[in-house]
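Below: the structure, in structure tokens.
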Amino acid sequence: MKRRRVSEEQLLKEIRGNVEPATSKIAKRILDFAEAEGAVPVPRHNSISMRFRPLDREERQWLTPFVVTTAGTFYCGWLYRWHEEGFPKTMGLEYQKELESALGREVVHGPSASRTAVPLEEIDQKWLHVTKTIRLTSRQLRGTEKPSPTPKVGLKISAIEGLATEVKMTRFGRDRGLRNSAMAHSNGVCVVCRQDFKKVLGGRGVCVPHVHHLKQRSSRDKPTTTRLKDLVVVCANCHMLLHFVDHGRPL
């Protein structure tokens with residue numbers, strides 16, 4: 001029999017049934033936070049693992065900072081794998097120590113002990129400390145990676161350009177009003193590099209910023225609701241870095 005893998009919708013529904021509606025809102029909040037930090041939700045039998053994928057690694061080598069379960073609990077597991085994948089041994093230990101300091105209880109469990117793991121209500125009570133720890137650790141994981149060597153490119157002297165090519169492509173619809181609202185909310189400032197483009201070329205620099213979706217539209221298999229908080233405004237340079245520097249995987 002094929003082992004089930006719960007979707008986010010199923011997870012939240014079962015949390016509402018097993019615990020209470022307020023707990024499912026906390027689960028949604030922590031999952032959204034982790035995705036905004038670059039983690040990817042991986043459905044499991046009775047939980048969703050939030051994982052960071054190091055550069056050039058296979059899925060089985062992803063790093064798991066935490067798991068949210070259908071019992072309305074939160075736990076960490078497999079932190080020892082961080083060291084096995086080449087990261088400093090202290091990184092996983094410090095992450096565990098910071099979370100346990102904030103919550104006053106053990107956070108490392110296995111799937112069999114998920115029901116006795118940290119209740120999501122306690123995560124909510126220590127939200128700022130917990131999210132700060134996850135954010136700093138995720139950036140440390142990326143910061144300690146060794147970038148792939150730049151491939152050598154042969155010097156080309158000339159080439160024929162301008163040949164016409166017919167291209168067939170699919171474009172996903174965007175809402176112009178929502179885009180305009182995001183632009184107005186940004187006030188011309190890139191959320192990454194903080195450059196104020198209202199001050200560039202006498203105000204003409206405001207044409208440079210782009211709207212970036214925190215949840216990539218390409219990852220959606222059907223039309224979904226996009227909220228203003230799902231969008232950020234970034235300059236053209238930062239937008240390129242967000243999308244293409246990490247081997248085509250959006251940061």
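Ordering of the structure tokens sets the chain letters (A, B, ...), residue numbers begin anew at 1 in every chain, and ligands are numbered from 1 in the order given.
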Inset, instruction - Write out as an MDAnalysis selection string the residues lying within 10 Å of Trp78 of chain A, counting only C-alpha atoms and excluding same-chain residues fewer than 4 positions away. - result: chainID A and resid 63:66 82 92 108:110
Go ahead and save the residues from that selection, with C-alpha atoms, as a short mmCIF file (atom, residue, chain, number, x, y, z; two decimals), in the first residue's frame.
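Produced file result01.cif, reproduced below:
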data_model
loop_
_atom_site.label_atom_id
_atom_site.label_comp_id
_atom_site.auth_asym_id
_atom_site.auth_seq_id
_atom_site.Cartn_x
_atom_site.Cartn_y
_atom_site.Cartn_z
CA LEU A 63 18.64 19.70 5.76
CA THR A 64 15.58 19.70 8.04
CA PRO A 65 15.35 22.55 10.58
CA PHE A 66 11.93 21.48 11.87
CA TRP A 82 24.13 18.71 8.93
CA GLY A 92 23.23 21.96 14.52
CA VAL A 108 14.82 16.89 19.08
CA HIS A 109 12.45 13.95 18.63
CA GLY A 110 11.70 11.21 16.14
#
- So which bits of segment 19-232 of chain A end up strand (DSSP E) when you DSSP the backbone, as a ChimeraX atom specification? /A:40-43,47-52,63-69,73-75,118-119,210-213,231-232
Please provide the set of residues having any atom within 12 Å of Leu228 of chain A, restricted to only C-alpha atoms, with same-chain residues fewer than 5 positions apart removed, written as a PDB file with N, CA and C atoms, in the first residue's frame.
ATOM      1  N   ASP A 175      -2.164  40.209 -11.773  1.00  0.00           N
ATOM      2  CA  ASP A 175      -3.141  41.254 -11.536  1.00  0.00           C
ATOM      3  C   ASP A 175      -2.429  42.611 -11.503  1.00  0.00           C
ATOM      4  N   ARG A 176      -2.775  43.488 -12.436  1.00  0.00           N
ATOM      5  CA  ARG A 176      -2.102  44.775 -12.539  1.00  0.00           C
ATOM      6  C   ARG A 176      -2.352  45.641 -11.298  1.00  0.00           C
ATOM      7  N   GLY A 177      -3.584  45.585 -10.759  1.00  0.00           N
ATOM      8  CA  GLY A 177      -3.890  46.382  -9.586  1.00  0.00           C
ATOM      9  C   GLY A 177      -3.071  45.980  -8.373  1.00  0.00           C
ATOM     10  N   LEU A 178      -2.877  44.655  -8.200  1.00  0.00           N
ATOM     11  CA  LEU A 178      -2.084  44.169  -7.070  1.00  0.00           C
ATOM     12  C   LEU A 178      -0.624  44.573  -7.242  1.00  0.00           C
ATOM     13  N   ARG A 179      -0.141  44.507  -8.482  1.00  0.00           N
ATOM     14  CA  ARG A 179       1.237  44.939  -8.762  1.00  0.00           C
ATOM     15  C   ARG A 179       1.413  46.417  -8.422  1.00  0.00           C
ATOM     16  N   ASN A 180       0.453  47.236  -8.844  1.00  0.00           N
ATOM     17  CA  ASN A 180       0.549  48.668  -8.585  1.00  0.00           C
ATOM     18  C   ASN A 180       0.523  48.962  -7.081  1.00  0.00           C
ATOM     19  N   SER A 181      -0.268  48.183  -6.343  1.00  0.00           N
ATOM     20  CA  SER A 181      -0.332  48.368  -4.889  1.00  0.00           C
ATOM     21  C   SER A 181       1.008  48.043  -4.246  1.00  0.00           C
ATOM     22  N   ALA A 182       1.661  46.972  -4.722  1.00  0.00           N
ATOM     23  CA  ALA A 182       2.971  46.598  -4.187  1.00  0.00           C
ATOM     24  C   ALA A 182       3.999  47.691  -4.479  1.00  0.00           C
ATOM     25  N   MET A 183       3.938  48.237  -5.700  1.00  0.00           N
ATOM     26  CA  MET A 183       4.863  49.300  -6.072  1.00  0.00           C
ATOM     27  C   MET A 183       4.655  50.537  -5.191  1.00  0.00           C
ATOM     28  N   ALA A 184       3.392  50.872  -4.970  1.00  0.00           N
ATOM     29  CA  ALA A 184       3.097  52.043  -4.147  1.00  0.00           C
ATOM     30  C   ALA A 184       3.560  51.829  -2.712  1.00  0.00           C
ATOM     31  N   HIS A 185       3.373  50.595  -2.221  1.00  0.00           N
ATOM     32  CA  HIS A 185       3.769  50.272  -0.847  1.00  0.00           C
ATOM     33  C   HIS A 185       5.286  50.349  -0.679  1.00  0.00           C
ATOM     34  N   SER A 186       6.028  50.023  -1.737  1.00  0.00           N
ATOM     35  CA  SER A 186       7.500  50.023  -1.650  1.00  0.00           C
ATOM     36  C   SER A 186       8.078  51.435  -1.645  1.00  0.00           C
ATOM     37  N   VAL A 211       8.343  43.567  -9.277  1.00  0.00           N
ATOM     38  CA  VAL A 211       7.580  42.887  -8.223  1.00  0.00           C
ATOM     39  C   VAL A 211       7.996  41.420  -8.191  1.00  0.00           C
ATOM     40  N   HIS A 212       8.382  40.938  -7.016  1.00  0.00           N
ATOM     41  CA  HIS A 212       8.844  39.559  -6.837  1.00  0.00           C
ATOM     42  C   HIS A 212       7.850  38.799  -5.968  1.00  0.00           C
ATOM     43  N   HIS A 213       7.454  37.599  -6.406  1.00  0.00           N
ATOM     44  CA  HIS A 213       6.547  36.745  -5.636  1.00  0.00           C
ATOM     45  C   HIS A 213       7.356  35.913  -4.638  1.00  0.00           C
ATOM     46  N   LEU A 214       7.035  36.014  -3.350  1.00  0.00           N
ATOM     47  CA  LEU A 214       7.723  35.205  -2.345  1.00  0.00           C
ATOM     48  C   LEU A 214       7.423  33.722  -2.552  1.00  0.00           C
ATOM     49  N   LYS A 215       6.201  33.413  -2.964  1.00  0.00           N
ATOM     50  CA  LYS A 215       5.839  32.039  -3.330  1.00  0.00           C
ATOM     51  C   LYS A 215       5.778  31.990  -4.852  1.00  0.00           C
ATOM     52  N   VAL A 233       9.016  44.236  -3.526  1.00  0.00           N
ATOM     53  CA  VAL A 233       9.550  44.988  -4.673  1.00  0.00           C
ATOM     54  C   VAL A 233      11.072  45.029  -4.560  1.00  0.00           C
TER      55      VAL A 233
END
With the cut-off set at 6 Å and counting only C-alpha atoms, tabulate each residue of segment 66-144 of chain A with an atom at most that distance from an atom of segment 13-30 of chain A, showing the nearest atom pair and its distance in Å to one decimal, ordered by chain and increasing number, as CSV.
residue,atom,partner,partner_atom,distance
A:Thr70,CA,A:Ile15,CA,5.0
A:Ala71,CA,A:Ile15,CA,5.9
A:Gly72,CA,A:Ile15,CA,5.4
Now that the selection is made, can you save its residues with C-alpha atoms as an mmCIF file, in the first residue's frame?
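Generated output (part_0.cif):
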data_model
loop_
_atom_site.group_PDB
_atom_site.id
_atom_site.type_symbol
_atom_site.label_atom_id
_atom_site.label_comp_id
_atom_site.auth_asym_id
_atom_site.auth_seq_id
_atom_site.Cartn_x
_atom_site.Cartn_y
_atom_site.Cartn_z
ATOM 1 C CA THR A 70 -0.962 16.737 12.408
ATOM 2 C CA ALA A 71 -0.968 16.462 16.218
ATOM 3 C CA GLY A 72 -0.286 20.203 16.366
#
Using only C-alpha atoms, the best pick from A:Cys235, A:Leu155, A:Ala102, A:Leu93 as closest to Val192 of chain A would be A:Cys235
Neighbouring residues of Thr133 of chain A were defined as those with any atom within 10 Å, considering only C-alpha atoms; residues of the same chain fewer than 6 positions away were excluded. Please report them as a PDB file with N, CA and C atoms, in the first residue's frame.
ATOM      1  N   GLU A  94      24.211  24.319  18.140  1.00  0.00           N
ATOM      2  CA  GLU A  94      23.847  25.664  18.572  1.00  0.00           C
ATOM      3  C   GLU A  94      22.385  25.971  18.245  1.00  0.00           C
ATOM      4  N   TYR A  95      21.934  25.489  17.087  1.00  0.00           N
ATOM      5  CA  TYR A  95      20.528  25.663  16.702  1.00  0.00           C
ATOM      6  C   TYR A  95      19.618  24.985  17.726  1.00  0.00           C
ATOM      7  N   GLN A  96      19.952  23.742  18.078  1.00  0.00           N
ATOM      8  CA  GLN A  96      19.181  23.003  19.075  1.00  0.00           C
ATOM      9  C   GLN A  96      19.203  23.723  20.433  1.00  0.00           C
ATOM     10  N   LYS A  97      20.376  24.180  20.834  1.00  0.00           N
ATOM     11  CA  LYS A  97      20.532  24.849  22.122  1.00  0.00           C
ATOM     12  C   LYS A  97      19.700  26.119  22.197  1.00  0.00           C
ATOM     13  N   GLU A  98      19.696  26.911  21.114  1.00  0.00           N
ATOM     14  CA  GLU A  98      18.936  28.161  21.102  1.00  0.00           C
ATOM     15  C   GLU A  98      17.435  27.895  21.204  1.00  0.00           C
ATOM     16  N   LEU A  99      16.953  26.902  20.465  1.00  0.00           N
ATOM     17  CA  LEU A  99      15.525  26.589  20.520  1.00  0.00           C
ATOM     18  C   LEU A  99      15.134  26.072  21.904  1.00  0.00           C
ATOM     19  N   ALA A 102      14.901  28.858  24.384  1.00  0.00           N
ATOM     20  CA  ALA A 102      13.688  29.660  24.226  1.00  0.00           C
ATOM     21  C   ALA A 102      12.455  28.946  24.749  1.00  0.00           C
ATOM     22  N   TRP A 127       7.478  33.237  19.783  1.00  0.00           N
ATOM     23  CA  TRP A 127       7.589  33.411  18.334  1.00  0.00           C
ATOM     24  C   TRP A 127       8.853  34.161  17.913  1.00  0.00           C
TER      25      TRP A 127
END
### Message
Give me, as a count of residues only, all polymer residues having an atom no more than 7 Å from segment 41-48 of chain A, counting only C-alpha atoms and skipping those fewer than 3 positions away in the same chain.
### Response
11
Helix (DSSP H, G or I) residues, from DSSP on the backbone, in segment 31-230 of chain A, as an MDAnalysis selection string: chainID A and resid 31:36 59:61 80:84 89:103 111:116 120:125 127:143 176:186 197:199 201:207 217:219 228:230
Pairwise distance, atom CA of Val191 of chain A with atom CA of Val234 of chain A, equals 5.6 Å
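What separates atom CA of His129 of chain A from atom CA of Thr90 of chain A is a distance of 19.2 Å.
In terms of minimum interatomic distance to Phe74 of chain A, A:Glu122 ranks closest within A:Asp196, A:Glu166, A:Glu8, A:Glu122, counting only C-alpha atoms.
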May I have the residues within 9 Å of Val107 of chain A as a tab-separated table (two decimals) with C-alpha atoms, in the first residue's frame, using only C-alpha atoms and disregarding those fewer than 4 positions away in the same chain?
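Writing the result to result37.tsv gives the following:
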chain	number	residue	atom	x	y	z
A	74	PHE	CA	6.77	21.03	16.39
A	75	TYR	CA	10.04	19.11	16.59
A	76	CYS	CA	13.54	18.95	15.15
A	77	GLY	CA	15.18	15.80	13.87
A	96	GLN	CA	19.18	23.00	19.07
A	99	LEU	CA	15.52	26.59	20.52
A	100	GLU	CA	15.64	24.65	23.79
A	103	LEU	CA	11.16	26.88	24.81
A	117	ALA	CA	6.83	17.07	20.95
A	118	VAL	CA	6.57	20.85	21.44
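Here the question is which of A:Lys89, A:Thr116, A:Arg174, A:Thr131 gets nearest to Thr224 of chain A using only C-alpha atoms, and that residue is A:Arg174.
Take atom CA of Pro223 of chain A and atom CA of Val167 of chain A: the distance between them is 24.0 Å.
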